[in-house]
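S.K.: Below you will find the structure I want to go over with you.
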Amino acid sequence: MSVIAVLVPDGLPGHHLTTPGLVFGTAAREHPGVAYEVRLCAAPGPVGIGLPAPLGITVPHGLEGLADADTVLLAGRDGAPVEPPSEVLDVLRAAAARGGRIGAIGTGVFTLAATGLLDGRRATTGWRHTAELARRHPRIEVDPVGAAVADGRFLTSAGIFGGLDVCLHLLAQDHGERTAGETSRELLTPLLRHADRVQEGIDRELADSAGLEPTLRWLKARLHLPLTPADVAAHAGISVSSLNRRFRAQAGVSPPQYLLRLRLDRARELLTETDEPVERVAALAGFASAASLRQHFARLTGTTPRSYRARHRAAAGAPAPGSTP
């Protein structure tokens, strides 16, 4: 049985606590031969979930629970990153020295970065904190996309989707892509509902703080066209470099990365709301080919467009395209 030790800080978001158990528990329930112990550990001191009114929780294990773990997952915390205690850094370095895998979610990346283990490697964190990560740790190559980044035995990510991605990546390493993909599909529908709210928040930041609301409306109406950053900058009346700075400051991504998110969202809408074939969905959403759509869609969801459509319709009780009601 593989041991996943989750290092829980005070003030963590609730989904950082529950996602590992959700992913590895679902995999074990649905797939014979898959077995994990998800072990919750904490440094000495109070631990609580960072809600509007903090909720204290009891964590069964101290730092000694990391000593024999195959994988250590570092949960983040709400608010600004804080410097981790020296004893936490010591147990993480020991885990790396014995060849263990280490994953960090959200601001948990700052804890891993403080060990020096990420120096010279690629890493990411939540988009609000990527600039701070780069400032504090200039030897890390910070990826601003805020999804999930694997570099050797180290995985870093942002938020609920990044945490899910890290757990699925570990599951694929242990039991293959098929097991990870099927587990992802078990969890897909409720998580993608949350993705819509996340995207709405990013859109508001760009519209209100970056002054790009007219350009965002123009962009969403032209997803089917082969737009470039120069096209978007020209519409906004600013230089490409200024456009890049505004997107990275307010959304944590570059304009092409933001455009890819919009196109994936558009593809999901078309798959769930229309009977258009996948090739037509790809064209309407602005992908160069159906193969390109499948590649990006699989990275987001762990499944194919056709399987996503069938699963969504089954969950909604809707008939499949071409069937008789």
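Every chain in the structure tokens has a letter given in the order shown (A, B, ...), and although residue numbers restart at 1 in each chain, ligands are simply numbered from 1 in the order shown.
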DSSP on the backbone, then: every residue of range 13-174 of chain A marked helix (DSSP H, G or I), written as JSON, numbers by chain.
M.R.: {"A": [14, 15, 16, 17, 18, 19, 20, 21, 22, 23, 24, 25, 26, 27, 28, 29, 30, 63, 64, 65, 66, 86, 87, 88, 89, 90, 91, 92, 93, 94, 95, 96, 97, 108, 109, 110, 111, 112, 113, 114, 127, 128, 129, 130, 131, 132, 133, 134, 135, 136, 159, 160, 161, 162, 163, 164, 165, 166, 167, 168, 169, 170, 171, 172, 173, 174]}
S.K.: Please provide as JSON, numbers by chain all residues within 7 Å of Thr303 in chain A, with the sequence filter that same-chain residues fewer than 4 positions apart are discarded (counting only C-alpha atoms).
M.R.: {"A": [181, 185, 298, 307, 308]}
S.K.: Those same residues - N, CA and C atoms - I'd like them written as an mmCIF file, in the first residue's frame.
M.R.:
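Everything below was put into again30.cif:
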```
data_model
loop_
_atom_site.group_PDB
_atom_site.id
_atom_site.type_symbol
_atom_site.label_atom_id
_atom_site.label_comp_id
_atom_site.auth_asym_id
_atom_site.auth_seq_id
_atom_site.Cartn_x
_atom_site.Cartn_y
_atom_site.Cartn_z
ATOM 1 N N GLY A 181 -7.459 8.334 -15.833
ATOM 2 C CA GLY A 181 -8.506 8.909 -16.665
ATOM 3 C C GLY A 181 -9.890 8.522 -16.187
ATOM 4 N N ARG A 185 -12.860 10.993 -14.669
ATOM 5 C CA ARG A 185 -14.232 11.059 -15.169
ATOM 6 C C ARG A 185 -15.245 10.893 -14.040
ATOM 7 N N ALA A 298 -8.070 16.733 -23.272
ATOM 8 C CA ALA A 298 -7.612 15.641 -22.414
ATOM 9 C C ALA A 298 -6.762 16.165 -21.267
ATOM 10 N N SER A 307 -16.452 11.423 -24.971
ATOM 11 C CA SER A 307 -16.773 10.817 -23.678
ATOM 12 C C SER A 307 -17.338 11.859 -22.720
ATOM 13 N N TYR A 308 -16.785 13.064 -22.767
ATOM 14 C CA TYR A 308 -17.304 14.135 -21.912
ATOM 15 C C TYR A 308 -18.764 14.427 -22.253
#
```
S.K.: Return the single residue from A:Pro20, A:Ala75, A:Pro255, A:Ala95 that is closest to Val240 in chain A, with distances computed using only C-alpha atoms.
M.R.: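 Of A:Pro20, A:Ala75, A:Pro255, A:Ala95, the one nearest Val240 in chain A, counting only C-alpha atoms, is A:Pro255.
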S.K.: Give me the residues within 8 Å of range 44-49 of chain A as a VMD selection string, counting only C-alpha atoms and dropping any in the same chain fewer than 2 places off.
M.R.: chain A and resid 8 to 14 42 51 54 to 59 62
S.K.: Nearest to Leu212 in chain A: which of A:Ile105, A:Ala267, A:Ala290, A:Ala236 is it, counting only C-alpha atoms?
M.R.: A:Ala236
S.K.: Report the distance between CA of Val149 in chain A and CA of Cys167 in chain A in Å, rounded to one decimal place.
M.R.: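 CA of Cys167 in chain A lies 12.1 Å from CA of Val149 in chain A.
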S.K.: Got a sec: who's within 9 Å of range 87-93 of chain A, counting only C-alpha atoms, leaving out chain neighbours fewer than 5 positions off, as a list in words?
M.R.: Ala43, Leu63, Glu64, Leu66, Ala67, Val72, Arg98, Ile102, Thr111, Leu112, Ala114, Thr115, Gly116 and Leu117 of chain A
S.K.: What is the CA of Pro256 in chain A to CA of Gly163 in chain A distance in Å?
M.R.: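 Spanning CA of Pro256 in chain A to CA of Gly163 in chain A is a straight-line distance of 23.2 Å.
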S.K.: For CA of Gly106 in chain A and CA of Ala69 in chain A, quote the distance in Å rounded to one decimal.
M.R.: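 We find that CA of Gly106 in chain A and CA of Ala69 in chain A lie 20.9 Å from each other.
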